[in-house]
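Novice: Data: protein_26.cif, mmCIF, N, CA and C atoms.
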```
data_upload
loop_
_atom_site.label_atom_id
_atom_site.label_comp_id
_atom_site.auth_asym_id
_atom_site.auth_seq_id
_atom_site.Cartn_x
_atom_site.Cartn_y
_atom_site.Cartn_z
N MET A 1 15.33 1.51 21.65
CA MET A 1 14.17 0.80 22.16
C MET A 1 14.64 -0.07 23.32
N VAL A 2 13.94 0.01 24.40
CA VAL A 2 14.26 -0.76 25.60
C VAL A 2 13.87 -2.21 25.36
N GLN A 3 14.71 -3.13 25.81
CA GLN A 3 14.42 -4.54 25.63
C GLN A 3 13.08 -4.89 26.27
N GLY A 4 12.25 -5.61 25.52
CA GLY A 4 10.94 -6.01 26.02
C GLY A 4 9.83 -5.03 25.69
N SER A 5 10.17 -3.87 25.09
CA SER A 5 9.13 -2.88 24.79
C SER A 5 8.69 -2.95 23.32
N TRP A 6 9.04 -4.03 22.63
CA TRP A 6 8.71 -4.15 21.22
C TRP A 6 7.21 -4.15 20.97
N VAL A 7 6.43 -4.63 21.92
CA VAL A 7 4.97 -4.67 21.75
C VAL A 7 4.42 -3.26 21.59
N GLU A 8 5.00 -2.31 22.31
CA GLU A 8 4.54 -0.92 22.23
C GLU A 8 4.85 -0.30 20.87
N GLU A 9 5.89 -0.78 20.20
CA GLU A 9 6.31 -0.25 18.91
C GLU A 9 5.71 -1.02 17.73
N LEU A 10 5.08 -2.14 17.98
CA LEU A 10 4.61 -3.02 16.91
C LEU A 10 3.66 -2.32 15.95
N HIS A 11 2.70 -1.58 16.47
CA HIS A 11 1.71 -0.90 15.61
C HIS A 11 2.41 0.05 14.63
N ASP A 12 3.34 0.85 15.15
CA ASP A 12 4.05 1.80 14.29
C ASP A 12 4.91 1.08 13.26
N MET A 13 5.54 0.00 13.66
CA MET A 13 6.38 -0.76 12.73
C MET A 13 5.53 -1.40 11.62
N LEU A 14 4.38 -1.95 11.97
CA LEU A 14 3.50 -2.53 10.96
C LEU A 14 2.98 -1.47 10.00
N TRP A 15 2.64 -0.30 10.54
CA TRP A 15 2.18 0.82 9.69
C TRP A 15 3.27 1.19 8.70
N ALA A 16 4.50 1.33 9.18
CA ALA A 16 5.62 1.68 8.31
C ALA A 16 5.82 0.61 7.24
N TYR A 17 5.76 -0.65 7.62
CA TYR A 17 5.96 -1.75 6.67
C TYR A 17 4.87 -1.74 5.60
N ARG A 18 3.63 -1.56 6.02
CA ARG A 18 2.50 -1.65 5.09
C ARG A 18 2.38 -0.45 4.16
N THR A 19 3.00 0.67 4.52
CA THR A 19 2.87 1.88 3.71
C THR A 19 4.16 2.28 3.02
N THR A 20 5.16 1.40 2.99
CA THR A 20 6.42 1.67 2.31
C THR A 20 6.40 0.97 0.95
N PRO A 21 6.67 1.72 -0.14
CA PRO A 21 6.68 1.09 -1.46
C PRO A 21 7.72 -0.02 -1.57
N ARG A 22 7.37 -1.07 -2.28
CA ARG A 22 8.25 -2.21 -2.50
C ARG A 22 8.84 -2.17 -3.91
N THR A 23 9.56 -3.21 -4.27
CA THR A 23 10.20 -3.32 -5.58
C THR A 23 9.20 -3.16 -6.72
N ALA A 24 8.00 -3.66 -6.54
CA ALA A 24 6.97 -3.58 -7.57
C ALA A 24 6.42 -2.17 -7.73
N GLY A 25 6.85 -1.23 -6.90
CA GLY A 25 6.41 0.15 -7.01
C GLY A 25 5.13 0.46 -6.26
N GLU A 26 4.61 -0.48 -5.53
CA GLU A 26 3.37 -0.29 -4.78
C GLU A 26 3.59 -0.66 -3.32
N THR A 27 2.75 -0.12 -2.46
CA THR A 27 2.80 -0.49 -1.05
C THR A 27 1.90 -1.70 -0.83
N PRO A 28 2.18 -2.52 0.19
CA PRO A 28 1.27 -3.62 0.49
C PRO A 28 -0.16 -3.12 0.74
N PHE A 29 -0.30 -1.98 1.38
CA PHE A 29 -1.61 -1.40 1.65
C PHE A 29 -2.35 -1.13 0.35
N CYS A 30 -1.66 -0.54 -0.62
CA CYS A 30 -2.27 -0.23 -1.91
C CYS A 30 -2.66 -1.50 -2.65
N LEU A 31 -1.84 -2.53 -2.56
CA LEU A 31 -2.16 -3.78 -3.24
C LEU A 31 -3.39 -4.45 -2.66
N VAL A 32 -3.64 -4.22 -1.38
CA VAL A 32 -4.82 -4.81 -0.74
C VAL A 32 -6.06 -3.95 -0.96
N TYR A 33 -5.93 -2.63 -0.72
CA TYR A 33 -7.10 -1.76 -0.72
C TYR A 33 -7.27 -0.91 -1.97
N GLY A 34 -6.28 -0.88 -2.86
CA GLY A 34 -6.42 -0.16 -4.12
C GLY A 34 -6.12 1.32 -4.07
N LEU A 35 -5.73 1.84 -2.95
CA LEU A 35 -5.33 3.24 -2.83
C LEU A 35 -4.38 3.39 -1.67
N GLU A 36 -3.70 4.51 -1.65
CA GLU A 36 -2.71 4.72 -0.59
C GLU A 36 -3.41 5.04 0.74
N ALA A 37 -2.74 4.73 1.80
CA ALA A 37 -3.27 4.94 3.15
C ALA A 37 -3.37 6.42 3.46
N VAL A 38 -4.36 6.79 4.27
CA VAL A 38 -4.47 8.15 4.79
C VAL A 38 -3.59 8.21 6.03
N VAL A 39 -2.52 8.98 5.93
CA VAL A 39 -1.58 9.06 7.03
C VAL A 39 -2.14 9.98 8.11
N PRO A 40 -2.26 9.50 9.34
CA PRO A 40 -2.76 10.37 10.41
C PRO A 40 -1.75 11.48 10.70
N THR A 41 -2.27 12.68 10.86
CA THR A 41 -1.38 13.81 11.14
C THR A 41 -1.42 14.14 12.62
N GLU A 42 -0.32 14.69 13.08
CA GLU A 42 -0.24 15.02 14.50
C GLU A 42 -1.12 16.21 14.86
N ILE A 43 -1.38 17.10 13.88
CA ILE A 43 -2.15 18.29 14.20
C ILE A 43 -3.65 18.08 14.10
N GLY A 44 -4.08 16.93 13.63
CA GLY A 44 -5.49 16.59 13.66
C GLY A 44 -6.33 17.14 12.52
N GLU A 45 -5.71 17.67 11.47
CA GLU A 45 -6.49 18.15 10.33
C GLU A 45 -6.98 16.95 9.52
N GLU A 46 -8.24 16.96 9.18
CA GLU A 46 -8.79 15.86 8.39
C GLU A 46 -8.52 16.10 6.91
N THR A 47 -8.33 15.03 6.18
CA THR A 47 -8.10 15.14 4.74
C THR A 47 -9.44 15.25 4.02
N THR A 48 -9.39 15.69 2.78
CA THR A 48 -10.59 15.80 1.96
C THR A 48 -11.26 14.44 1.81
N ARG A 49 -10.45 13.42 1.65
CA ARG A 49 -11.00 12.07 1.49
C ARG A 49 -11.82 11.65 2.71
N VAL A 50 -11.42 12.09 3.88
CA VAL A 50 -12.13 11.74 5.11
C VAL A 50 -13.36 12.62 5.29
N THR A 51 -13.24 13.92 5.07
CA THR A 51 -14.37 14.84 5.32
C THR A 51 -15.49 14.69 4.30
N GLN A 52 -15.17 14.26 3.08
CA GLN A 52 -16.19 14.13 2.04
C GLN A 52 -16.68 12.70 1.88
N TYR A 53 -16.50 11.89 2.89
CA TYR A 53 -16.93 10.48 2.85
C TYR A 53 -18.45 10.39 2.81
N ASN A 54 -18.97 9.63 1.86
CA ASN A 54 -20.40 9.41 1.71
C ASN A 54 -20.61 7.89 1.56
N PRO A 55 -21.30 7.26 2.50
CA PRO A 55 -21.46 5.79 2.45
C PRO A 55 -22.06 5.25 1.16
N LYS A 56 -23.06 5.94 0.60
CA LYS A 56 -23.69 5.46 -0.63
C LYS A 56 -22.73 5.54 -1.82
N GLU A 57 -22.07 6.68 -1.93
CA GLU A 57 -21.09 6.84 -3.01
C GLU A 57 -19.91 5.90 -2.81
N ASN A 58 -19.59 5.63 -1.56
CA ASN A 58 -18.47 4.75 -1.26
C ASN A 58 -18.69 3.35 -1.83
N GLU A 59 -19.93 2.86 -1.77
CA GLU A 59 -20.22 1.52 -2.29
C GLU A 59 -19.97 1.46 -3.79
N GLN A 60 -20.41 2.49 -4.52
CA GLN A 60 -20.17 2.54 -5.96
C GLN A 60 -18.67 2.67 -6.25
N ALA A 61 -18.03 3.52 -5.50
CA ALA A 61 -16.59 3.73 -5.70
C ALA A 61 -15.81 2.46 -5.39
N ARG A 62 -16.27 1.73 -4.40
CA ARG A 62 -15.58 0.48 -4.03
C ARG A 62 -15.66 -0.55 -5.15
N LYS A 63 -16.82 -0.62 -5.82
CA LYS A 63 -16.95 -1.54 -6.96
C LYS A 63 -15.97 -1.15 -8.07
N PHE A 64 -15.85 0.15 -8.32
CA PHE A 64 -14.89 0.63 -9.31
C PHE A 64 -13.47 0.31 -8.86
N ASP A 65 -13.21 0.48 -7.56
CA ASP A 65 -11.88 0.21 -7.01
C ASP A 65 -11.48 -1.25 -7.18
N LEU A 66 -12.45 -2.16 -7.13
CA LEU A 66 -12.13 -3.58 -7.30
C LEU A 66 -11.57 -3.85 -8.68
N VAL A 67 -12.05 -3.11 -9.67
CA VAL A 67 -11.50 -3.24 -11.03
C VAL A 67 -10.12 -2.59 -11.07
N THR A 68 -10.01 -1.42 -10.48
CA THR A 68 -8.75 -0.68 -10.47
C THR A 68 -7.66 -1.46 -9.75
N ILE A 69 -8.01 -2.11 -8.66
CA ILE A 69 -7.00 -2.84 -7.89
C ILE A 69 -6.43 -4.00 -8.71
N GLU A 70 -7.26 -4.60 -9.57
CA GLU A 70 -6.75 -5.65 -10.45
C GLU A 70 -5.68 -5.08 -11.39
N GLU A 71 -5.91 -3.87 -11.89
CA GLU A 71 -4.93 -3.22 -12.75
C GLU A 71 -3.64 -2.95 -11.98
N ILE A 72 -3.76 -2.52 -10.74
CA ILE A 72 -2.59 -2.26 -9.90
C ILE A 72 -1.83 -3.57 -9.66
N HIS A 73 -2.56 -4.64 -9.38
CA HIS A 73 -1.93 -5.95 -9.19
C HIS A 73 -1.19 -6.38 -10.45
N ASP A 74 -1.83 -6.20 -11.61
CA ASP A 74 -1.21 -6.59 -12.87
C ASP A 74 0.07 -5.80 -13.13
N ARG A 75 0.02 -4.49 -12.87
CA ARG A 75 1.22 -3.66 -13.05
C ARG A 75 2.34 -4.10 -12.13
N ALA A 76 2.00 -4.35 -10.86
CA ALA A 76 3.01 -4.78 -9.89
C ALA A 76 3.58 -6.13 -10.29
N TYR A 77 2.74 -7.04 -10.75
CA TYR A 77 3.20 -8.37 -11.17
C TYR A 77 4.14 -8.26 -12.38
N ALA A 78 3.79 -7.38 -13.32
CA ALA A 78 4.64 -7.18 -14.50
C ALA A 78 6.01 -6.63 -14.08
N LYS A 79 6.03 -5.72 -13.12
CA LYS A 79 7.30 -5.18 -12.64
C LYS A 79 8.13 -6.26 -11.95
N ILE A 80 7.47 -7.12 -11.20
CA ILE A 80 8.17 -8.21 -10.52
C ILE A 80 8.76 -9.17 -11.55
N LEU A 81 7.99 -9.52 -12.57
CA LEU A 81 8.49 -10.41 -13.62
C LEU A 81 9.67 -9.79 -14.36
N HIS A 82 9.56 -8.50 -14.65
CA HIS A 82 10.65 -7.78 -15.32
C HIS A 82 11.91 -7.80 -14.45
N TYR A 83 11.75 -7.49 -13.19
CA TYR A 83 12.87 -7.48 -12.26
C TYR A 83 13.48 -8.87 -12.14
N LYS A 84 12.63 -9.89 -12.08
CA LYS A 84 13.11 -11.27 -11.99
C LYS A 84 13.91 -11.63 -13.24
N GLY A 85 13.42 -11.21 -14.41
CA GLY A 85 14.14 -11.46 -15.66
C GLY A 85 15.51 -10.81 -15.67
N LEU A 86 15.57 -9.56 -15.19
CA LEU A 86 16.85 -8.87 -15.11
C LEU A 86 17.82 -9.60 -14.19
N MET A 87 17.31 -10.08 -13.07
CA MET A 87 18.16 -10.80 -12.12
C MET A 87 18.64 -12.12 -12.71
N MET A 88 17.80 -12.81 -13.46
CA MET A 88 18.20 -14.07 -14.10
C MET A 88 19.31 -13.83 -15.11
N LYS A 89 19.18 -12.75 -15.92
CA LYS A 89 20.22 -12.41 -16.88
C LYS A 89 21.54 -12.11 -16.17
N LYS A 90 21.43 -11.37 -15.08
CA LYS A 90 22.62 -10.99 -14.32
C LYS A 90 23.31 -12.23 -13.75
N LEU A 91 22.54 -13.17 -13.25
CA LEU A 91 23.10 -14.38 -12.65
C LEU A 91 23.69 -15.31 -13.69
N GLN A 92 23.18 -15.28 -14.92
CA GLN A 92 23.67 -16.16 -15.98
C GLN A 92 24.95 -15.64 -16.63
N GLN A 93 25.33 -14.43 -16.37
CA GLN A 93 26.54 -13.85 -16.96
C GLN A 93 27.79 -14.38 -16.31
#
```
Could you take the file, read its structure, and then write that structure out as structure tokens?
Specialist:
Amino acid sequence: MVQGSWVEELHDMLWAYRTTPRTAGETPFCLVYGLEAVVPTEIGEETTRVTQYNPKENEQARKFDLVTIEEIHDRAYAKILHYKGLMMKKLQQ
């Protein structure tokens, strides 16, 4: 990367950061939106999730997703607590 061209790479770097799984087993994108990101393809083929989008059904699905995302948050939090406990045991040895 040429010095000073970081602005041009920022979007791609943020996308990579937001869609990479973390220690809790989830991506930041998933923790916010409740599902994995639709990765844009270079060949331009649309995914089923994009082609079958229905605004009315989306509202109902979004309400369901709000419940599901809480479950995802709880799972991720439990993994973080477990990992933290393991690290505490390791440090106390």
Novice: Between A:Glu57, A:Arg18, A:Asp74, A:Gly85, single out the one closest to Glu36 in chain A, counting only C-alpha atoms.
Specialist: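 Residue with the minimum atom-to-atom distance to Glu36 in chain A: A:Arg18.
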Novice: Mind pulling up the distance from atom C of Gly34 in chain A to CA of Asp65 in chain A?
Specialist: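 Taking CA of Asp65 in chain A as the start and atom C of Gly34 in chain A as the end point, the length is 6.6 Å.
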Novice: Apply the PyMOL selection byres ((chain A and resi 25) around 8) to the displayed file and report the matching residues as number ranges by chain.
Specialist: A: 20-24, 26-28, 75-76, 79-80
Novice: What is the distance between atom C of Ala16 in chain A and atom C of Val38 in chain A, in Å to one decimal?
Specialist: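 Atom-to-atom, atom C of Ala16 in chain A and atom C of Val38 in chain A are spaced 12.2 Å apart.
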Novice: Counting only C-alpha atoms, which residues have an atom no more than 10 Å from (-5.2, 0.0, -3.6) in the file's coordinates? Please list them as JSON, numbers by chain.
Specialist: {"A": [26, 27, 28, 29, 30, 31, 32, 33, 34, 35, 36, 37, 65, 66, 68, 69, 70, 71, 72, 73]}
Novice: Would you mind exporting the chosen residues as a PDB file, in the coordinates of the input, restricted to N, CA and C atoms?
Specialist:
```pdb
ATOM      1  N   GLU A  26       4.610  -0.480  -5.530  1.00  0.00           N
ATOM      2  CA  GLU A  26       3.370  -0.290  -4.780  1.00  0.00           C
ATOM      3  C   GLU A  26       3.590  -0.660  -3.320  1.00  0.00           C
ATOM      4  N   THR A  27       2.750  -0.120  -2.460  1.00  0.00           N
ATOM      5  CA  THR A  27       2.800  -0.490  -1.050  1.00  0.00           C
ATOM      6  C   THR A  27       1.900  -1.700  -0.830  1.00  0.00           C
ATOM      7  N   PRO A  28       2.180  -2.520   0.190  1.00  0.00           N
ATOM      8  CA  PRO A  28       1.270  -3.620   0.490  1.00  0.00           C
ATOM      9  C   PRO A  28      -0.160  -3.120   0.740  1.00  0.00           C
ATOM     10  N   PHE A  29      -0.300  -1.980   1.380  1.00  0.00           N
ATOM     11  CA  PHE A  29      -1.610  -1.400   1.650  1.00  0.00           C
ATOM     12  C   PHE A  29      -2.350  -1.130   0.350  1.00  0.00           C
ATOM     13  N   CYS A  30      -1.660  -0.540  -0.620  1.00  0.00           N
ATOM     14  CA  CYS A  30      -2.270  -0.230  -1.910  1.00  0.00           C
ATOM     15  C   CYS A  30      -2.660  -1.500  -2.650  1.00  0.00           C
ATOM     16  N   LEU A  31      -1.840  -2.530  -2.560  1.00  0.00           N
ATOM     17  CA  LEU A  31      -2.160  -3.780  -3.240  1.00  0.00           C
ATOM     18  C   LEU A  31      -3.390  -4.450  -2.660  1.00  0.00           C
ATOM     19  N   VAL A  32      -3.640  -4.220  -1.380  1.00  0.00           N
ATOM     20  CA  VAL A  32      -4.820  -4.810  -0.740  1.00  0.00           C
ATOM     21  C   VAL A  32      -6.060  -3.950  -0.960  1.00  0.00           C
ATOM     22  N   TYR A  33      -5.930  -2.630  -0.720  1.00  0.00           N
ATOM     23  CA  TYR A  33      -7.100  -1.760  -0.720  1.00  0.00           C
ATOM     24  C   TYR A  33      -7.270  -0.910  -1.970  1.00  0.00           C
ATOM     25  N   GLY A  34      -6.280  -0.880  -2.860  1.00  0.00           N
ATOM     26  CA  GLY A  34      -6.420  -0.160  -4.120  1.00  0.00           C
ATOM     27  C   GLY A  34      -6.120   1.320  -4.070  1.00  0.00           C
ATOM     28  N   LEU A  35      -5.730   1.840  -2.950  1.00  0.00           N
ATOM     29  CA  LEU A  35      -5.330   3.240  -2.830  1.00  0.00           C
ATOM     30  C   LEU A  35      -4.380   3.390  -1.670  1.00  0.00           C
ATOM     31  N   GLU A  36      -3.700   4.510  -1.650  1.00  0.00           N
ATOM     32  CA  GLU A  36      -2.710   4.720  -0.590  1.00  0.00           C
ATOM     33  C   GLU A  36      -3.410   5.040   0.740  1.00  0.00           C
ATOM     34  N   ALA A  37      -2.740   4.730   1.800  1.00  0.00           N
ATOM     35  CA  ALA A  37      -3.270   4.940   3.150  1.00  0.00           C
ATOM     36  C   ALA A  37      -3.370   6.420   3.460  1.00  0.00           C
ATOM     37  N   ASP A  65     -13.210   0.480  -7.560  1.00  0.00           N
ATOM     38  CA  ASP A  65     -11.880   0.210  -7.010  1.00  0.00           C
ATOM     39  C   ASP A  65     -11.480  -1.250  -7.180  1.00  0.00           C
ATOM     40  N   LEU A  66     -12.450  -2.160  -7.130  1.00  0.00           N
ATOM     41  CA  LEU A  66     -12.130  -3.580  -7.300  1.00  0.00           C
ATOM     42  C   LEU A  66     -11.570  -3.850  -8.680  1.00  0.00           C
ATOM     43  N   THR A  68     -10.010  -1.420 -10.480  1.00  0.00           N
ATOM     44  CA  THR A  68      -8.750  -0.680 -10.470  1.00  0.00           C
ATOM     45  C   THR A  68      -7.660  -1.460  -9.750  1.00  0.00           C
ATOM     46  N   ILE A  69      -8.010  -2.110  -8.660  1.00  0.00           N
ATOM     47  CA  ILE A  69      -7.000  -2.840  -7.890  1.00  0.00           C
ATOM     48  C   ILE A  69      -6.430  -4.000  -8.710  1.00  0.00           C
ATOM     49  N   GLU A  70      -7.260  -4.600  -9.570  1.00  0.00           N
ATOM     50  CA  GLU A  70      -6.750  -5.650 -10.450  1.00  0.00           C
ATOM     51  C   GLU A  70      -5.680  -5.080 -11.390  1.00  0.00           C
ATOM     52  N   GLU A  71      -5.910  -3.870 -11.890  1.00  0.00           N
ATOM     53  CA  GLU A  71      -4.930  -3.220 -12.750  1.00  0.00           C
ATOM     54  C   GLU A  71      -3.640  -2.950 -11.980  1.00  0.00           C
ATOM     55  N   ILE A  72      -3.760  -2.520 -10.740  1.00  0.00           N
ATOM     56  CA  ILE A  72      -2.590  -2.260  -9.900  1.00  0.00           C
ATOM     57  C   ILE A  72      -1.830  -3.570  -9.660  1.00  0.00           C
ATOM     58  N   HIS A  73      -2.560  -4.640  -9.380  1.00  0.00           N
ATOM     59  CA  HIS A  73      -1.930  -5.950  -9.190  1.00  0.00           C
ATOM     60  C   HIS A  73      -1.190  -6.380 -10.450  1.00  0.00           C
TER      61      HIS A  73
END
```
Novice: So what do you get for CA of Val67 in chain A versus CA of Thr51 in chain A, distance-wise?
Specialist: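 Distance between the two atoms: 24.5 Å.
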